[in-house]
file my_file_5.cif (mmCIF, C-alpha atoms and all ligand atoms)
data_structure
#
loop_
_atom_site.label_atom_id
_atom_site.label_comp_id
_atom_site.auth_asym_id
_atom_site.auth_seq_id
_atom_site.Cartn_x
_atom_site.Cartn_y
_atom_site.Cartn_z
CA MET J 1223 15.82 -24.57 -8.01
CA GLY J 1224 13.04 -22.34 -9.25
CA VAL J 1225 10.60 -23.88 -11.70
CA PHE J 1226 8.32 -22.21 -14.21
CA PRO J 1227 6.69 -25.16 -15.97
CA ILE J 1228 6.16 -24.94 -19.71
CA ASP J 1229 4.91 -27.40 -22.28
CA PRO J 1230 7.70 -29.41 -24.01
CA SER J 1231 6.56 -28.00 -27.34
CA GLU J 1232 6.86 -24.39 -26.09
CA GLU J 1233 9.94 -22.29 -26.61
CA ILE J 1234 11.74 -20.83 -23.61
CA THR J 1235 10.95 -17.14 -23.66
CA ILE J 1236 12.62 -14.32 -21.76
CA ASP J 1237 9.41 -13.98 -19.74
CA ALA J 1238 9.47 -17.68 -18.77
CA GLN J 1239 13.08 -17.43 -17.72
CA ALA J 1240 12.41 -14.33 -15.64
CA LYS J 1241 9.58 -16.13 -13.86
CA ALA J 1242 11.79 -19.14 -13.13
CA MET J 1243 14.52 -16.85 -11.77
CA PHE J 1244 11.98 -15.01 -9.66
CA THR J 1245 10.75 -18.33 -8.23
CA ASN J 1246 14.33 -19.34 -7.54
CA ARG J 1247 14.56 -16.57 -4.93
CA ARG J 1248 11.96 -18.35 -2.83
CA ALA J 1249 13.80 -21.69 -3.17
CA LYS J 1250 16.97 -20.06 -1.88
CA SER J 1251 15.37 -19.07 1.41
CA ASP J 1252 13.18 -22.14 1.87
CA PHE J 1253 15.35 -24.88 3.32
CA LYS J 1254 12.56 -27.43 3.40
CA GLU J 1255 11.41 -27.12 -0.19
CA ARG J 1256 14.49 -26.60 -2.25
CA ILE J 1257 12.53 -26.87 -5.49
CA ALA J 1258 10.08 -23.99 -5.70
CA ILE J 1259 7.25 -23.91 -8.23
CA PHE J 1260 6.08 -20.65 -9.79
CA ARG J 1261 3.08 -19.02 -8.06
CA PRO J 1262 1.17 -16.49 -10.20
CA ASP J 1263 -0.20 -14.55 -7.17
CA GLU J 1264 3.28 -14.13 -5.69
CA TYR J 1265 4.56 -12.86 -9.03
CA GLU J 1266 1.62 -10.45 -9.44
CA ARG J 1267 2.33 -9.01 -5.97
CA GLU J 1268 5.93 -8.46 -6.89
CA ILE J 1269 4.97 -6.71 -10.13
CA ALA J 1270 2.41 -4.53 -8.32
CA PHE J 1271 5.03 -3.66 -5.68
CA HIS J 1272 7.50 -2.40 -8.29
CA ARG J 1273 4.76 -0.62 -10.22
CA THR J 1274 3.74 1.24 -7.05
CA LEU J 1275 7.31 2.33 -6.38
CA THR J 1276 7.96 3.52 -9.93
CA GLU J 1277 4.67 5.36 -10.17
CA PHE J 1278 5.08 6.87 -6.72
CA GLN J 1279 8.41 8.39 -7.68
CA TYR J 1280 6.79 9.82 -10.80
CA ALA J 1281 3.76 11.12 -8.86
CA LEU J 1282 5.99 12.77 -6.28
CA SER J 1283 8.01 14.66 -8.86
CA ASN J 1284 4.80 15.72 -10.63
CA GLY J 1285 3.09 17.23 -7.62
CA ARG J 1286 0.56 14.40 -7.41
CA ILE J 1287 1.36 13.59 -3.80
CA THR J 1288 -0.26 15.84 -1.27
CA TYR J 1289 -1.94 15.74 2.12
CA TYR J 1290 -5.43 16.28 3.42
CA LEU J 1291 -6.25 17.63 6.86
CA GLN J 1292 -8.81 16.03 9.15
CA PRO J 1293 -9.92 18.22 12.05
CA GLN J 1294 -9.89 16.94 15.62
CA VAL J 1295 -12.63 18.35 17.79
CA ASP J 1296 -13.58 18.88 21.39
CA MET J 1297 -16.89 17.01 21.55
CA GLU J 1298 -18.16 19.26 24.35
CA THR J 1299 -17.76 22.54 22.51
CA GLY J 1300 -17.35 21.52 18.86
CA GLU J 1301 -14.15 23.54 18.76
CA ILE J 1302 -11.40 22.42 16.36
CA ILE J 1303 -8.41 21.66 18.54
CA GLY J 1304 -6.08 20.39 15.85
CA ALA J 1305 -5.93 18.39 12.64
CA GLU J 1306 -4.11 15.37 11.31
CA ALA J 1307 -2.19 15.48 8.03
CA LEU J 1308 -3.07 12.41 5.93
CA THR J 1309 -1.28 11.81 2.70
CA ARG J 1310 -3.16 11.50 -0.61
CA TRP J 1311 -2.00 10.42 -4.06
CA ILE J 1312 -3.93 12.13 -6.81
CA ASP J 1313 -4.28 9.69 -9.72
CA LYS J 1314 -4.20 10.67 -13.40
CA ASP J 1315 -8.00 10.91 -13.51
CA ASP J 1316 -7.92 13.10 -10.36
CA SER J 1317 -9.32 10.35 -8.16
CA LEU J 1318 -7.60 9.83 -4.82
CA ILE J 1319 -5.52 6.78 -4.02
CA SER J 1320 -5.80 5.80 -0.37
CA PRO J 1321 -2.58 5.56 1.67
CA ALA J 1322 -3.54 2.02 2.68
CA THR J 1323 -2.80 0.91 -0.89
CA PHE J 1324 0.66 2.44 -1.27
CA ILE J 1325 2.14 2.95 2.20
CA PRO J 1326 2.89 -0.78 2.75
CA ALA J 1327 5.09 -0.90 -0.41
CA LEU J 1328 6.78 2.36 0.60
CA GLU J 1329 7.45 0.99 4.08
CA GLU J 1330 8.84 -2.25 2.74
CA SER J 1331 11.24 -0.41 0.45
CA GLY J 1332 12.13 2.35 2.92
CA PHE J 1333 10.74 5.08 0.64
CA VAL J 1334 8.09 5.99 3.16
CA MET J 1335 10.69 8.32 4.62
CA THR J 1336 10.74 10.30 1.38
CA LEU J 1337 6.96 10.57 1.55
CA ASP J 1338 6.86 11.52 5.21
CA LYS J 1339 9.53 14.20 4.97
CA TYR J 1340 7.63 15.65 2.02
CA VAL J 1341 4.36 15.75 3.96
CA TRP J 1342 5.97 17.16 7.13
CA GLN J 1343 7.61 19.90 5.12
CA GLY J 1344 4.37 20.69 3.28
CA VAL J 1345 2.62 21.12 6.62
CA ALA J 1346 5.43 23.26 8.04
CA MET J 1347 5.25 25.55 4.98
CA TRP J 1348 1.48 25.76 5.30
CA LEU J 1349 1.71 26.74 8.99
CA ARG J 1350 4.36 29.37 8.28
CA GLU J 1351 2.30 30.90 5.52
CA ARG J 1352 -0.80 31.14 7.75
CA ILE J 1353 1.20 32.70 10.57
CA ASP J 1354 2.80 35.21 8.20
CA ARG J 1355 -0.64 36.25 7.02
CA GLY J 1356 -1.77 36.68 10.63
CA LEU J 1357 -4.36 33.91 10.31
CA ARG J 1358 -5.53 31.37 12.86
CA VAL J 1359 -3.56 28.11 13.10
CA VAL J 1360 -4.05 24.93 15.14
CA PRO J 1361 -1.53 22.19 15.92
CA ILE J 1362 -1.15 19.62 13.14
CA SER J 1363 -0.49 15.94 13.80
CA LEU J 1364 2.17 14.35 11.62
CA ASN J 1365 2.34 10.61 11.07
CA VAL J 1366 5.67 8.92 11.65
CA SER J 1367 6.19 5.45 10.24
CA ARG J 1368 8.03 2.72 12.13
CA VAL J 1369 10.51 2.73 9.27
CA ASP J 1370 11.29 6.45 9.74
CA ILE J 1371 12.27 5.76 13.34
CA LEU J 1372 14.78 3.14 12.28
CA ALA J 1373 16.07 5.00 9.24
CA CYS J 1374 16.59 8.56 10.41
CA ASP J 1375 16.77 10.79 13.45
CA VAL J 1376 13.14 11.91 13.47
CA ALA J 1377 13.56 14.26 16.45
CA GLU J 1378 16.50 16.01 14.84
CA HIS J 1379 14.63 16.29 11.56
CA MET J 1380 11.55 17.75 13.24
CA GLY J 1381 13.73 20.18 15.18
CA ALA J 1382 15.45 21.32 11.98
CA LEU J 1383 12.09 21.72 10.24
CA ALA J 1384 10.66 23.80 13.08
CA ALA J 1385 13.79 25.97 13.04
CA GLN J 1386 13.74 26.37 9.25
CA TYR J 1387 10.15 27.61 9.27
CA ASN J 1388 10.46 29.31 12.63
CA LEU J 1389 7.56 27.37 14.14
CA PRO J 1390 6.86 26.80 17.81
CA PRO J 1391 7.10 23.02 18.40
CA GLU J 1392 3.62 22.98 19.94
CA LEU J 1393 2.22 23.36 16.42
CA MET J 1394 3.67 20.03 15.30
CA ARG J 1395 2.38 16.92 17.06
CA ILE J 1396 4.10 13.66 16.39
CA GLU J 1397 1.97 10.52 15.88
CA ILE J 1398 3.69 7.20 16.37
CA THR J 1399 1.73 4.04 15.74
CA GLU J 1400 1.24 1.72 18.68
CA THR J 1401 2.91 -1.28 17.08
CA ALA J 1402 6.18 0.70 16.97
CA TYR J 1403 5.98 1.15 20.75
CA THR J 1404 5.98 -2.59 21.26
CA GLY J 1405 8.17 -3.65 18.31
CA GLU J 1406 10.79 -0.94 18.50
CA SER J 1407 10.37 0.05 22.12
CA GLU J 1408 13.93 1.21 22.79
CA ALA J 1409 14.15 3.35 19.66
CA VAL J 1410 10.70 4.80 20.37
CA ASP J 1411 11.53 5.59 24.00
CA LYS J 1412 14.61 7.45 22.84
CA LEU J 1413 12.66 9.24 20.14
CA THR J 1414 9.85 10.40 22.45
CA ALA J 1415 12.44 11.61 24.98
CA ASP J 1416 14.32 13.52 22.25
CA LEU J 1417 11.07 14.99 20.93
CA HIS J 1418 10.06 16.13 24.41
CA THR J 1419 13.44 17.78 24.91
CA ARG J 1420 12.77 19.75 21.76
CA GLY J 1421 9.28 20.72 22.91
CA PHE J 1422 7.20 18.42 20.66
CA SER J 1423 4.36 16.37 22.05
CA THR J 1424 3.86 12.74 21.09
CA TYR J 1425 0.67 10.87 20.27
CA MET J 1426 0.32 7.11 20.37
CA ASP J 1427 -1.65 6.32 17.21
CA ASP J 1428 -3.97 3.33 16.65
CA PHE J 1429 -4.01 2.37 20.31
CA GLY J 1430 -5.55 -1.06 20.74
CA THR J 1431 -4.44 -2.57 17.42
CA GLY J 1432 -1.16 -4.00 18.63
CA GLN J 1433 -0.24 -6.24 21.50
CA SER J 1434 -0.15 -3.47 24.00
CA THR J 1435 -1.88 -3.80 27.28
CA LEU J 1436 -3.34 -1.04 29.35
CA ALA J 1437 -0.58 -1.68 31.85
CA MET J 1438 2.03 -0.83 29.24
CA LEU J 1439 0.71 2.74 29.20
CA LYS J 1440 2.31 3.31 32.59
CA ASN J 1441 5.73 2.76 31.11
CA VAL J 1442 5.58 4.76 27.92
CA ASN J 1443 6.34 8.39 27.80
CA VAL J 1444 3.52 9.61 25.59
CA ASP J 1445 1.35 12.72 25.88
CA VAL J 1446 -1.89 11.67 24.20
CA ILE J 1447 -3.49 8.40 23.15
CA LYS J 1448 -5.46 7.95 19.96
CA LEU J 1449 -7.89 5.11 20.38
CA ASP J 1450 -8.10 3.16 17.15
CA ARG J 1451 -11.17 3.31 14.96
CA THR J 1452 -11.92 -0.38 15.50
CA PHE J 1453 -12.78 0.53 19.09
CA ALA J 1454 -15.39 3.16 18.28
CA PRO J 1455 -18.56 1.81 19.91
CA VAL J 1456 -21.17 0.23 17.68
CA ASP J 1457 -24.52 2.02 17.79
CA GLY J 1458 -26.81 0.56 20.44
CA ASP J 1459 -24.06 -1.59 21.88
CA GLN J 1460 -24.22 -1.67 25.65
CA GLY J 1461 -22.15 -4.83 25.86
CA ARG J 1462 -18.53 -5.84 25.95
CA SER J 1463 -17.02 -3.37 23.52
CA ALA J 1464 -18.63 -0.49 25.41
CA HIS J 1465 -17.12 -1.85 28.63
CA ILE J 1466 -13.70 -2.13 27.03
CA ILE J 1467 -13.80 1.47 25.85
CA SER J 1468 -14.99 2.80 29.13
CA SER J 1469 -12.28 0.96 31.06
CA MET J 1470 -9.67 2.24 28.61
CA LEU J 1471 -10.91 5.76 29.17
CA GLU J 1472 -10.88 5.31 32.94
CA MET J 1473 -7.36 3.94 32.86
CA ALA J 1474 -6.13 6.78 30.65
CA GLN J 1475 -7.81 9.28 32.94
CA SER J 1476 -6.10 7.84 36.00
CA LEU J 1477 -2.78 8.29 34.19
CA HIS J 1478 -3.78 11.84 33.20
CA LEU J 1479 -3.50 10.92 29.55
CA PRO J 1480 -5.87 12.71 27.20
CA VAL J 1481 -7.54 10.43 24.63
CA VAL J 1482 -8.60 11.22 21.06
CA ILE J 1483 -11.20 8.78 19.74
CA GLU J 1484 -10.74 7.95 16.08
CA GLY J 1485 -13.56 7.05 13.71
CA VAL J 1486 -16.58 8.61 15.39
CA GLU J 1487 -19.25 8.41 12.69
CA THR J 1488 -22.64 8.83 14.36
CA ASN J 1489 -24.28 11.03 16.96
CA GLU J 1490 -25.15 7.97 18.96
CA GLN J 1491 -21.48 6.98 19.20
CA ALA J 1492 -20.53 10.51 20.16
CA ASN J 1493 -23.16 10.58 22.92
CA MET J 1494 -22.09 7.22 24.27
CA LEU J 1495 -18.47 8.29 24.29
CA ARG J 1496 -19.21 11.57 25.99
CA ASN J 1497 -21.18 9.74 28.67
CA MET J 1498 -18.14 7.60 29.26
CA GLY J 1499 -16.03 10.68 29.78
CA ALA J 1500 -14.39 10.96 26.35
CA ARG J 1501 -13.72 14.47 25.21
CA TYR J 1502 -11.76 14.60 21.95
CA ALA J 1503 -12.62 12.96 18.66
CA GLN J 1504 -11.59 12.71 15.05
CA GLY J 1505 -14.22 11.20 12.78
CA PHE J 1506 -16.51 11.55 9.81
CA LEU J 1507 -19.37 12.75 12.08
CA TYR J 1508 -17.47 15.98 12.56
CA TYR J 1509 -15.27 16.34 9.51
CA ARG J 1510 -13.77 14.17 6.81
CA PRO J 1511 -10.16 14.65 5.72
CA MET J 1512 -10.15 17.65 3.36
CA PRO J 1513 -7.75 19.67 1.20
CA ALA J 1514 -5.83 22.33 3.13
CA LYS J 1515 -7.75 25.04 1.23
CA ASP J 1516 -11.07 23.78 2.65
CA PHE J 1517 -9.60 23.52 6.12
CA GLU J 1518 -8.48 27.14 5.85
CA VAL J 1519 -12.08 28.18 5.21
CA LEU J 1520 -13.16 26.36 8.38
CA LEU J 1521 -10.49 28.07 10.44
CA ASP J 1522 -11.19 31.47 8.90
CA ASP J 1523 -14.95 31.20 9.48
CA GLY J 1524 -14.33 30.22 13.09
CA ASN J 1525 -17.79 28.67 13.32
CA ASP J 1526 -16.45 25.82 15.35
CA ASN J 1527 -16.44 27.67 18.65
P1 LIG E 1601 -4.25 6.94 10.92
O1 LIG E 1601 -3.03 7.73 11.15
O2 LIG E 1601 -4.81 6.17 12.06
O3 LIG E 1601 -5.31 7.97 10.33
C1 LIG E 1601 -6.69 7.90 10.55
C2 LIG E 1601 -7.38 7.21 9.40
O4 LIG E 1601 -8.75 7.01 9.76
C3 LIG E 1601 -7.42 8.05 8.12
O5 LIG E 1601 -7.39 7.14 7.02
C4 LIG E 1601 -8.79 8.71 8.20
O6 LIG E 1601 -9.30 9.10 6.95
C5 LIG E 1601 -9.60 7.58 8.80
N1 LIG E 1601 -10.81 8.05 9.48
C6 LIG E 1601 -10.96 9.14 10.26
N2 LIG E 1601 -12.20 9.24 10.75
C7 LIG E 1601 -12.90 8.19 10.25
C8 LIG E 1601 -14.26 7.73 10.39
O7 LIG E 1601 -15.10 8.33 11.07
N3 LIG E 1601 -14.59 6.59 9.72
C9 LIG E 1601 -13.69 5.90 8.95
N4 LIG E 1601 -14.12 4.80 8.33
N5 LIG E 1601 -12.40 6.30 8.80
C10 LIG E 1601 -12.01 7.43 9.45
P2 LIG E 1601 -6.42 7.33 5.78
O8 LIG E 1601 -6.25 8.78 5.45
O9 LIG E 1601 -6.88 6.40 4.72
O10 LIG E 1601 -5.02 6.83 6.35
C11 LIG E 1601 -4.84 5.49 6.72
C12 LIG E 1601 -3.54 5.33 7.43
O11 LIG E 1601 -2.43 5.56 6.56
C13 LIG E 1601 -3.32 6.31 8.58
O12 LIG E 1601 -4.01 5.88 9.73
C14 LIG E 1601 -1.82 6.24 8.75
O13 LIG E 1601 -1.43 5.11 9.47
C15 LIG E 1601 -1.37 6.09 7.32
N6 LIG E 1601 -0.98 7.40 6.80
C16 LIG E 1601 -1.74 8.37 6.25
N7 LIG E 1601 -0.99 9.44 5.88
C17 LIG E 1601 0.29 9.14 6.22
C18 LIG E 1601 1.55 9.82 6.10
O14 LIG E 1601 1.66 10.96 5.62
N8 LIG E 1601 2.65 9.14 6.57
C19 LIG E 1601 2.58 7.89 7.12
N9 LIG E 1601 3.70 7.31 7.55
N10 LIG E 1601 1.42 7.24 7.26
C20 LIG E 1601 0.28 7.86 6.81
MG MG E 1602 -2.36 8.97 12.51
MG MG E 1603 -4.93 5.99 13.88
#
call {"tool": "encode", "arguments": {"input": "my_file_5.cif", "output": "structure tokens"}}
result
Amino acid sequence: MGVFPIDPSEEITIDAQAKAMFTNRRAKSDFKERIAIFRPDEYEREIAFHRTLTEFQYALSNGRITYYLQPQVDMETGEIIGAEALTRWIDKDDSLISPATFIPALEESGFVMTLDKYVWQGVAMWLRERIDRGLRVVPISLNVSRVDILACDVAEHMGALAAQYNLPPELMRIEITETAYTGESEAVDKLTADLHTRGFSTYMDDFGTGQSTLAMLKNVNVDVIKLDRTFAPVDGDQGRSAHIISSMLEMAQSLHLPVVIEGVETNEQANMLRNMGARYAQGFLYYRPMPAKDFEVLLDDGNDN
């Protein structure tokens, strides 16, 4: 039974009934507490979830979903070695909505696949256009959600996209978040193998945020590791976190796995990391995510090398 308490003098409204029915869903799956009482926060979350989905659909069909590009650099030379495509939702007032606020709802509902395919295609079109104009391009990293891996054949889709836009696969790098490697290990193993067969390289994103151990790296078939932002050393820190990073770097080196450090924000961090043998970084110190137009200017100026 789902209960939305009202005062005996109140009339039963449609809204009150809807709230009771909503609460009833929880009672159905809770075998210990068969009588569930309405929780306003739970209801608010549900409303926000549906609002996000409805508005996302609208934003997508109105060209309000796009992607920014954040350059990845070689810390030794400053050269731009690639960029990551990061989705952005442009709100009605032209402010940007961060993916962290809408991707969870899209993942829960499966619609993240619609978003991802849209972003991947946008990037493929952008690369083709640059190549056609004879302009410089660098490989672009594309984020793949755990849900995409379960819901579609990502390797086949990427292959078809590369064929459609006549792109060499080296220009599209596939980022798979670390938690997918542990949670969905069989599907991810198959996906990375299929991607490799088609000539794509794979990046393990957010390394260090899941339950992975360094030892697990031996067993996964990945080309590059992206060390999560939470591991970027704190300025002045010579202690434990610095040791953790340097042993991660050593381990990766012994496995011949290149590492990209995410979230490098200060010169001090960059120097520390370079002293530990890190070479590649993606962080605000170098560049923030930017519209493709701004990234084009960077590439065209070629001041990075
Ligand atoms: P991610 O793939 O790990 O992307 C890196 C995130 O770190 C980006 O956040 C980027 O703006 C941020 N970042 C980079 N350098 C710095 C730094 O120096 N300091 C700080 N504080 N942050 C930095 P963003 O764009 O908000 O994206 C968050 C996450 O949302 C991404 O993490 C990724 O997991 C997901 N995401 C973004 N775009 C897409 C997409 O198109 N598809 C899917 N499936 N997920 C996406
Ligand atoms: Mg990523
Ligand atoms: Mg990451």
call {"tool": "residues_near_ligand", "arguments": {"input": "my_file_5.cif", "ligand": "ligand MG 1602 (chain E)", "cutoff": "9 Å", "atoms": "all atoms listed in the file", "output": "list in words"}}
result
Glu1306, Ala1307, Leu1308, Ser1363, Leu1364, Asn1365, Val1366, Ile1396, Glu1397, Ile1398, Thr1399, Tyr1425, Met1426, Asp1427, Asp1428 and Lys1448 of chain J
call {"tool": "residues_near_ligand", "arguments": {"input": "my_file_5.cif", "ligand": "ligand LIG 1601 (chain E)", "cutoff": "7 Å", "atoms": "all atoms listed in the file", "output": "PDB file with C-alpha atoms, in the coordinates of the input"}}
result
ATOM      1  CA  TYR J1289      -1.940  15.740   2.120  1.00  0.00           C
ATOM      2  CA  ALA J1307      -2.190  15.480   8.030  1.00  0.00           C
ATOM      3  CA  LEU J1308      -3.070  12.410   5.930  1.00  0.00           C
ATOM      4  CA  THR J1309      -1.280  11.810   2.700  1.00  0.00           C
ATOM      5  CA  SER J1320      -5.800   5.800  -0.370  1.00  0.00           C
ATOM      6  CA  PRO J1321      -2.580   5.560   1.670  1.00  0.00           C
ATOM      7  CA  ALA J1322      -3.540   2.020   2.680  1.00  0.00           C
ATOM      8  CA  ILE J1325       2.140   2.950   2.200  1.00  0.00           C
ATOM      9  CA  VAL J1334       8.090   5.990   3.160  1.00  0.00           C
ATOM     10  CA  LEU J1337       6.960  10.570   1.550  1.00  0.00           C
ATOM     11  CA  ASP J1338       6.860  11.520   5.210  1.00  0.00           C
ATOM     12  CA  VAL J1341       4.360  15.750   3.960  1.00  0.00           C
ATOM     13  CA  LEU J1364       2.170  14.350  11.620  1.00  0.00           C
ATOM     14  CA  ASN J1365       2.340  10.610  11.070  1.00  0.00           C
ATOM     15  CA  VAL J1366       5.670   8.920  11.650  1.00  0.00           C
ATOM     16  CA  SER J1367       6.190   5.450  10.240  1.00  0.00           C
ATOM     17  CA  ASP J1427      -1.650   6.320  17.210  1.00  0.00           C
ATOM     18  CA  ASP J1428      -3.970   3.330  16.650  1.00  0.00           C
ATOM     19  CA  ASP J1450      -8.100   3.160  17.150  1.00  0.00           C
ATOM     20  CA  ARG J1451     -11.170   3.310  14.960  1.00  0.00           C
ATOM     21  CA  GLU J1484     -10.740   7.950  16.080  1.00  0.00           C
ATOM     22  CA  GLY J1485     -13.560   7.050  13.710  1.00  0.00           C
ATOM     23  CA  VAL J1486     -16.580   8.610  15.390  1.00  0.00           C
ATOM     24  CA  GLU J1487     -19.250   8.410  12.690  1.00  0.00           C
ATOM     25  CA  GLN J1504     -11.590  12.710  15.050  1.00  0.00           C
ATOM     26  CA  GLY J1505     -14.220  11.200  12.780  1.00  0.00           C
ATOM     27  CA  PHE J1506     -16.510  11.550   9.810  1.00  0.00           C
ATOM     28  CA  LEU J1507     -19.370  12.750  12.080  1.00  0.00           C
ATOM     29  CA  ARG J1510     -13.770  14.170   6.810  1.00  0.00           C
ATOM     30  CA  PRO J1511     -10.160  14.650   5.720  1.00  0.00           C
TER      31      PRO J1511
END
call {"tool": "closest_residue", "arguments": {"input": "my_file_5.cif", "among": "J:Trp1342, J:Tyr1403, J:Phe1324, J:Tyr1290", "to": "J:Met1512", "atoms": "only C-alpha atoms"}}
result
J:Tyr1290
call {"tool": "closest_residue", "arguments": {"input": "my_file_5.cif", "among": "J:Glu1266, J:Asp1370, J:Asp1296, J:Glu1518", "to": "J:Val1482", "atoms": "all atoms listed in the file"}}
result
J:Asp1296
call {"tool": "closest_residue", "arguments": {"input": "my_file_5.cif", "among": "J:Leu1520, J:Ala1454, J:Cys1374, J:Ala1409", "to": "ligand MG 1603 (chain E)", "atoms": "all atoms listed in the file"}}
result
J:Ala1454
call {"tool": "residues_around", "arguments": {"input": "my_file_5.cif", "residues": "J:Asp1416", "least_positions_apart": "5", "cutoff": "10 Å", "atoms": "only C-alpha atoms", "output": "NGL selection string"}}
result
:J and (1375-1378 or 1381 or 1410-1411 or 1421-1422)
call {"tool": "atom_distance", "arguments": {"input": "my_file_5.cif", "atom1": "atom CA of J:Leu1357", "atom2": "atom CA of J:Tyr1508"}}
result
22.3 Å
call {"tool": "residues_around", "arguments": {"input": "my_file_5.cif", "residues": "J:His1478", "least_positions_apart": "3", "cutoff": "12 Å", "atoms": "all atoms listed in the file", "output": "PyMOL selection string"}}
result
chain J and resi 1439-1440+1443-1447+1471-1475+1481
call {"tool": "closest_residue", "arguments": {"input": "my_file_5.cif", "among": "J:Gln1239, J:Gln1433, J:Thr1336, J:Thr1452", "to": "ligand MG 1603 (chain E)", "atoms": "all atoms listed in the file"}}
result
J:Thr1452
call {"tool": "atom_distance", "arguments": {"input": "my_file_5.cif", "atom1": "atom CA of J:Phe1226", "atom2": "atom CA of J:Ala1242"}}
result
4.8 Å
call {"tool": "atom_distance", "arguments": {"input": "my_file_5.cif", "atom1": "atom CA of J:Glu1255", "atom2": "atom CA of J:Lys1241"}}
result
17.6 Å
call {"tool": "closest_residue", "arguments": {"input": "my_file_5.cif", "among": "J:Ser1317, J:Ser1468, J:Ser1231, J:Thr1431", "to": "ligand MG 1603 (chain E)", "atoms": "all atoms listed in the file"}}
result
J:Thr1431
call {"tool": "closest_residue", "arguments": {"input": "my_file_5.cif", "among": "J:Ala1258, J:Asn1497, J:Val1345, J:Leu1477", "to": "J:Leu1291", "atoms": "only C-alpha atoms"}}
result
J:Val1345
call {"tool": "build_atoms", "arguments": {"input": "my_file_5.cif", "residues": "stretch 1495-1500 of chain J", "atoms": "all heavy atoms", "output": "mmCIF file, in the frame of the given file"}}
result
data_model
loop_
_atom_site.group_PDB
_atom_site.id
_atom_site.type_symbol
_atom_site.label_atom_id
_atom_site.label_comp_id
_atom_site.auth_asym_id
_atom_site.auth_seq_id
_atom_site.Cartn_x
_atom_site.Cartn_y
_atom_site.Cartn_z
ATOM 1 N N LEU J 1495 -19.852 8.000 23.904
ATOM 2 C CA LEU J 1495 -18.470 8.290 24.290
ATOM 3 C C LEU J 1495 -18.404 9.432 25.291
ATOM 4 O O LEU J 1495 -17.649 9.385 26.263
ATOM 5 C CB LEU J 1495 -17.640 8.631 23.044
ATOM 6 C CG LEU J 1495 -17.333 7.424 22.153
ATOM 7 C CD1 LEU J 1495 -16.919 7.855 20.756
ATOM 8 C CD2 LEU J 1495 -16.226 6.574 22.791
ATOM 9 N N ARG J 1496 -19.227 10.431 25.062
ATOM 10 C CA ARG J 1496 -19.210 11.570 25.990
ATOM 11 C C ARG J 1496 -19.690 11.137 27.367
ATOM 12 O O ARG J 1496 -19.150 11.569 28.386
ATOM 13 C CB ARG J 1496 -20.073 12.702 25.437
ATOM 14 C CG ARG J 1496 -19.351 13.418 24.302
ATOM 15 C CD ARG J 1496 -20.202 14.449 23.649
ATOM 16 N NE ARG J 1496 -20.632 15.481 24.579
ATOM 17 C CZ ARG J 1496 -21.474 16.458 24.255
ATOM 18 N NH1 ARG J 1496 -21.964 16.518 23.038
ATOM 19 N NH2 ARG J 1496 -21.805 17.360 25.135
ATOM 20 N N ASN J 1497 -20.711 10.251 27.379
ATOM 21 C CA ASN J 1497 -21.180 9.740 28.670
ATOM 22 C C ASN J 1497 -20.111 8.954 29.407
ATOM 23 O O ASN J 1497 -20.121 8.852 30.625
ATOM 24 C CB ASN J 1497 -22.436 8.877 28.491
ATOM 25 C CG ASN J 1497 -23.633 9.740 28.130
ATOM 26 O OD1 ASN J 1497 -23.658 10.936 28.447
ATOM 27 N ND2 ASN J 1497 -24.611 9.153 27.451
ATOM 28 N N MET J 1498 -19.219 8.367 28.618
ATOM 29 C CA MET J 1498 -18.140 7.600 29.260
ATOM 30 C C MET J 1498 -16.974 8.496 29.656
ATOM 31 O O MET J 1498 -15.946 8.006 30.131
ATOM 32 C CB MET J 1498 -17.598 6.548 28.274
ATOM 33 C CG MET J 1498 -18.554 5.444 27.937
ATOM 34 S SD MET J 1498 -17.751 4.461 26.647
ATOM 35 C CE MET J 1498 -19.082 3.395 26.172
ATOM 36 N N GLY J 1499 -17.083 9.763 29.363
ATOM 37 C CA GLY J 1499 -16.030 10.680 29.780
ATOM 38 C C GLY J 1499 -15.047 11.041 28.680
ATOM 39 O O GLY J 1499 -14.039 11.697 28.939
ATOM 40 N N ALA J 1500 -15.313 10.602 27.427
ATOM 41 C CA ALA J 1500 -14.390 10.960 26.350
ATOM 42 C C ALA J 1500 -14.622 12.406 25.949
ATOM 43 O O ALA J 1500 -15.749 12.905 26.011
ATOM 44 C CB ALA J 1500 -14.619 10.058 25.139
#
